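Following: one structure in structure tokens, then a few remarks.
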Amino acid sequence: MTTSSTKRWRPFQFLADVLQDRFILPTKRLILWILLGLPLVMTGFVMGWGYRAFWLYNGLILAASVVDWLSMPKKRELSVTRMLPEQADIGQEFQVHIAFTNTSGQKVGFELADDLPYSFQESGVLRGMMEPGTFGVTYHTRANVRGMYSFHSLFLRWHGRIGLWYRQSRFSCDQTIRIYPDLSTVRGYLASLQESLIVDGKKIMRRARTGSEFHAIREYVPDDDPRTINWSASARSRRLMTNQYRPEQGKVVTIMLDCGRLMGVELDNRTRLDISLESAMTLAAVAIKQGDQVALLAYSHEIKLYIPPGRGLSHLHTLVEATYNLTTDFVESDPAKALTFLHRQQKRRSLIALFSDMENYLIEDQLSAYLWRLRRSHLLLLLSLTDPLLQGWSDVETKNSRTAYVKALAQRFKLDRKAFQQKMTGAGIQVLDVPSDQLTLSVVNTYLEIKSREAL
């Protein structure tokens with residue numbers, strides 16, 4: 001019969017508290033003093049008064065240690081607090097401010113270590129002199145994984161006036177921070193009022209000038225269609241004026257995010273889900289600014305999240321808050337179940353943008369039947385990230401039979417992906433299999449092209 005881990009731990013709980021909260025450590029200065037005393041003691045033994053030198057020197061160190069302990073500030077005379085931002089983007093550095101309050105009335109040397117979550121960049125140990133009163137220090141860190149993270153204790157070491165011993169203690173400071181996907185592209189577009197949309201520094205498409213919905217009357221420019229000239233407004237203003245049209249607003253864009261096992265594969269130190277989520281949020285921002293409604297469905301082997309269609313910046317905030325901590329599951333995804341659920345929930349015609357992996361499209365036997373059923377009432381857009389390893393092996397130089405075999409397999413997989421694209425295109429379903437750095441560019445361009453020709 002075994003003892004539970006809780007009962008085994010209880011006898012050691014006091015020792016753990018002492019080591020973390022009330023432990024005394026020697027400083028480098030004390031160790032240096034002891035090493036410097038060794039030659040003196042050895043010389044004393046040679047000259048015949050070694051024992052007196054030994055006890056005299058160690059007595060001086062002991063007296064200095066007692067003075068150092070007595071001059072060391074008490075824990076109640078010190079306080080440490082941490083100030084965190086409420087949120088930060090993945091991979092972006094942010095600043096953490098540590099505030100000290102010293103009521104001991106003396107300068108105190110300190111070393112501070114923060115209890116960072118495992119996926120954060122280590123900041124190292126902060127060292128300095130703690131002045132009487134209140135002062136602060138800052139350090140920078142970054143997170144490499146999205147989600148909600150907790151910061152717990154701050155570990156502080158400080159010494160007395162002589163600096164021979166450290167007192168180590170733990171200060172409780174529980175805080176949380178939300179790490180979002182990289183939303184720089186989203187913010188850049190929402191802040192842009194220009195005629196062209198800029199994504200990742202590239203002009204991807206001019207805003208549609210044609211459409212069925214009247215928008216405004218403006219002054220005619222040479223590139224405008226002469227058929228849109230408003231002769232009545234031109235006569236009143238004595239300037240050539242033209243009607244401006246825009247695609248009909250209020251359409252529905254449904255974003256589907258695959259959170260299965262294959263979406264956890266890393267590309268350029270980011271998972272496929274991270275890349276897809278950033279592109280999905282950019283697409284949502286573009287669609288909302290175009291006046292459309294956006295819905296979102298996340299799934300793996302089951303439905304993880306569904307947000308009904310909505311519009312406005314408040315709805316975009318809802319989408320970001322609901323998806324920033326989405327994670328992949330170590331199971332095979334079931335797109336058929338997700339499409340069936342969406343078919344029951346979304347009766348209105350919409351553009352369905354499915355972010356998944358090409359392997360899921362190829363191995364799912366019943367997926368084509370669901371896609372063909374949905375294409376009657378919805379416009380489908382299937383998105384996938386190309387596999388750089390597959391691309392590299394298909395272009396490798398053939399040096400021996402092994403590389404020739406691997407190259408043949410890689411090219412066969414590429415042909416299977418291309419055959420699936422052609423099959424879906426023939427059925428009226430658009431498929432984009434693009435590199436990771438072109439996903440956002442491609443999906444937004446495709447959406448704006450669909451809007452411009454009023455296919456939705």
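As shown in the structure tokens, the chain order sets the letters A, B, ...; within each chain, residues go from 1, and ligands are also counted from 1 in the order they appear.
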Please report, as a Markdown table, each residue of region 380-407 of chain A lying at most 7 Å from region 431-439 of chain A, together with the nearest pair of atoms and the separation in Å rounded to one decimal; use only C-alpha atoms, and order rows by chain and ascending residue number.
```
| residue | atom | partner | partner_atom | distance |
| --- | --- | --- | --- | --- |
| A:Leu381 | CA | A:Val431 | CA | 5.9 |
| A:Leu382 | CA | A:Val431 | CA | 4.6 |
| A:Leu383 | CA | A:Leu432 | CA | 4.9 |
| A:Ser384 | CA | A:Asp433 | CA | 4.7 |
| A:Leu385 | CA | A:Val434 | CA | 5.2 |
| A:Thr386 | CA | A:Pro435 | CA | 5.1 |
```
All alpha helix (DSSP H) positions in region 402-443 of chain A, as a JSON list (two decimals) with C-alpha atoms, in the first residue's frame:
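Now in out.json:
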```json
[["chain", "number", "residue", "atom", "x", "y", "z"],
["A", 402, "ARG", "CA", 17.32, 7.22, -52.03],
["A", 403, "THR", "CA", 16.96, 10.88, -52.98],
["A", 404, "ALA", "CA", 15.33, 9.85, -56.26],
["A", 405, "TYR", "CA", 12.73, 7.82, -54.35],
["A", 406, "VAL", "CA", 12.02, 10.62, -51.85],
["A", 407, "LYS", "CA", 11.82, 13.19, -54.67],
["A", 408, "ALA", "CA", 9.34, 11.00, -56.58],
["A", 409, "LEU", "CA", 7.14, 10.68, -53.50],
["A", 410, "ALA", "CA", 7.25, 14.44, -52.86],
["A", 411, "GLN", "CA", 6.27, 15.19, -56.44],
["A", 412, "ARG", "CA", 3.45, 12.64, -56.21],
["A", 413, "PHE", "CA", 2.08, 14.39, -53.10],
["A", 414, "LYS", "CA", 2.29, 17.73, -54.92],
["A", 415, "LEU", "CA", 0.36, 16.27, -57.85],
["A", 416, "ASP", "CA", -2.31, 14.97, -55.45],
["A", 417, "ARG", "CA", -2.69, 18.46, -53.96],
["A", 418, "LYS", "CA", -2.94, 20.03, -57.40],
["A", 419, "ALA", "CA", -5.47, 17.40, -58.54],
["A", 420, "PHE", "CA", -7.65, 18.20, -55.51],
["A", 421, "GLN", "CA", -7.49, 21.91, -56.35],
["A", 422, "GLN", "CA", -8.55, 21.25, -59.94],
["A", 423, "LYS", "CA", -11.37, 18.98, -58.80],
["A", 424, "MET", "CA", -12.73, 21.59, -56.38],
["A", 425, "THR", "CA", -12.34, 24.40, -58.93],
["A", 426, "GLY", "CA", -14.38, 22.37, -61.39],
["A", 439, "LEU", "CA", -1.73, 33.61, -46.70],
["A", 440, "THR", "CA", -3.05, 36.96, -45.43],
["A", 441, "LEU", "CA", -2.35, 38.63, -48.75],
["A", 442, "SER", "CA", -4.12, 35.90, -50.72],
["A", 443, "VAL", "CA", -7.23, 35.54, -48.55]]
```
- Message: Taking the DSSP secondary structure from the backbone, can you list the residues of region 320-439 of chain A that are strand (DSSP E or B), as a ChimeraX atom specification?
- Response: /A:350-355,379-385,430-434
Keeping only C-alpha atoms, write the selected residues as a compact mmCIF listing (two decimals), in the first residue's frame.
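Generated file (again_3.txt):
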```txt
# COMPACT_ATOMS: atom_id res chain seq x y z
CA SER A 350 -22.34 33.40 -46.86
CA LEU A 351 -18.72 33.17 -47.85
CA ILE A 352 -17.22 30.26 -45.90
CA ALA A 353 -13.44 30.58 -45.51
CA LEU A 354 -12.07 27.29 -44.16
CA PHE A 355 -8.54 27.49 -42.72
CA LEU A 379 -19.65 30.31 -51.49
CA LEU A 380 -16.73 28.15 -50.33
CA LEU A 381 -13.08 29.11 -50.04
CA LEU A 382 -10.64 26.42 -48.85
CA LEU A 383 -7.29 27.64 -47.51
CA SER A 384 -4.13 25.68 -46.82
CA LEU A 385 -0.45 26.35 -46.17
CA GLN A 430 -11.99 27.92 -54.76
CA VAL A 431 -8.86 26.44 -53.14
CA LEU A 432 -5.75 28.41 -52.12
CA ASP A 433 -2.60 26.47 -51.22
CA VAL A 434 -0.07 29.21 -50.53
```
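CA of Thr340 (chain A) sits 9.1 Å away from CA of Leu374 (chain A).
The space between CA of Met72 (chain A) and CA of Leu116 (chain A) spans 27.6 Å.
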- Query: From the set A:Met358, A:Ile303, A:Val396, A:Leu156, which residue has the shortest atom-to-atom contact distance to Phe23 (chain A), counting only C-alpha atoms?
  - Reply: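 Nearest candidate to Phe23 (chain A) out of A:Met358, A:Ile303, A:Val396, A:Leu156: A:Leu156.
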If we count only C-alpha atoms and set the cut-off at 6 Å, which residues sit around region 215-232 of chain A, ignoring sequence neighbours fewer than 4 positions away in its own chain? Please answer as an mmCIF file with N, CA and C atoms, in the first residue's frame.
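So out-v2.cif came out as:
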```
data_model
loop_
_atom_site.group_PDB
_atom_site.id
_atom_site.type_symbol
_atom_site.label_atom_id
_atom_site.label_comp_id
_atom_site.auth_asym_id
_atom_site.auth_seq_id
_atom_site.Cartn_x
_atom_site.Cartn_y
_atom_site.Cartn_z
ATOM 1 N N LEU A 240 -17.614 68.553 -63.588
ATOM 2 C CA LEU A 240 -18.000 67.203 -63.983
ATOM 3 C C LEU A 240 -18.010 66.302 -62.752
ATOM 4 N N MET A 241 -19.172 65.749 -62.421
ATOM 5 C CA MET A 241 -19.354 64.893 -61.247
ATOM 6 C C MET A 241 -19.737 63.487 -61.688
ATOM 7 N N THR A 242 -19.421 62.519 -60.829
ATOM 8 C CA THR A 242 -19.704 61.116 -61.155
ATOM 9 C C THR A 242 -20.307 60.414 -59.957
ATOM 10 N N ASN A 243 -21.134 59.421 -60.232
ATOM 11 C CA ASN A 243 -21.700 58.590 -59.166
ATOM 12 C C ASN A 243 -20.678 57.551 -58.723
ATOM 13 N N GLN A 244 -20.601 57.330 -57.423
ATOM 14 C CA GLN A 244 -19.708 56.311 -56.879
ATOM 15 C C GLN A 244 -20.558 55.181 -56.324
ATOM 16 N N TYR A 245 -20.278 53.965 -56.786
ATOM 17 C CA TYR A 245 -21.013 52.786 -56.349
ATOM 18 C C TYR A 245 -20.092 51.888 -55.542
#
```
- Query: Between CA of Ala53 (chain A) and CA of Val66 (chain A), what is the spacing in Å?
  - Reply: 19.8 Å
- Residue contacts of Tyr149 (chain A) (9 Å, only C-alpha atoms) excluding same-chain residues fewer than 5 positions away, as a ChimeraX atom specification: /A:117,175-179
Since we have the selection now, will you write its residues out, keeping N, CA, C and O atoms, as a CSV table (one decimal), in the first residue's frame?
```csv
chain,number,residue,atom,x,y,z
A,117,PRO,N,6.4,32.8,-16.8
A,117,PRO,CA,5.8,31.6,-17.4
A,117,PRO,C,6.8,30.9,-18.3
A,117,PRO,O,7.7,31.6,-18.8
A,175,GLN,N,-0.6,38.1,-10.9
A,175,GLN,CA,-1.1,38.9,-12.0
A,175,GLN,C,-1.3,38.1,-13.3
A,175,GLN,O,-0.7,37.0,-13.4
A,176,THR,N,-2.1,38.5,-14.2
A,176,THR,CA,-2.4,37.8,-15.4
A,176,THR,C,-2.1,38.7,-16.6
A,176,THR,O,-2.3,40.0,-16.5
A,177,ILE,N,-1.8,38.1,-17.8
A,177,ILE,CA,-1.6,38.9,-19.0
A,177,ILE,C,-2.1,38.0,-20.1
A,177,ILE,O,-2.0,36.8,-20.1
A,178,ARG,N,-2.8,38.7,-21.1
A,178,ARG,CA,-3.3,38.0,-22.3
A,178,ARG,C,-2.4,38.2,-23.4
A,178,ARG,O,-2.1,39.4,-23.8
A,179,ILE,N,-2.0,37.1,-24.1
A,179,ILE,CA,-1.1,37.2,-25.2
A,179,ILE,C,-1.9,36.9,-26.5
A,179,ILE,O,-2.4,35.8,-26.6
```
- Item | 12 Å contact set for Gly124 (chain A), only C-alpha atoms, chain neighbours under 5 positions out, as a ChimeraX atom specification | /A:111-116,138-141
- Query: Skipping near chain neighbours, those fewer than 5 positions away, what residues fall within 12 Å of Thr103 (chain A) using only C-alpha atoms, listed as an MDAnalysis selection string?
  - Reply: chainID A and resid 73:80 108 130:135
- Task: Do a neighbour search on region 32-49 of chain A at 10 Å with only C-alpha atoms, toss out local chain neighbours closer than 6 positions, and write the hits as a list of chain:residue names.
- Result: A:Trp55, A:Leu56, A:Tyr57, A:Asn58, A:Ile61, A:Leu164
- Item | Closest of A:Ala99, A:Ile162, A:Val286, A:Leu257 to Leu448 (chain A) - atom-to-atom distances counting only C-alpha atoms | A:Val286
- Restricting the calculation to only C-alpha atoms, which member of A:Leu390, A:Arg238, A:Gly163, A:Arg142 is positioned closest to Ile31 (chain A)? A:Gly163
- Query: When distances are computed from only C-alpha atoms, which of A:Met256, A:Leu456, A:Gly264, A:Lys304 shows the smallest separation from Leu339 (chain A)?
  - Reply: A:Met256
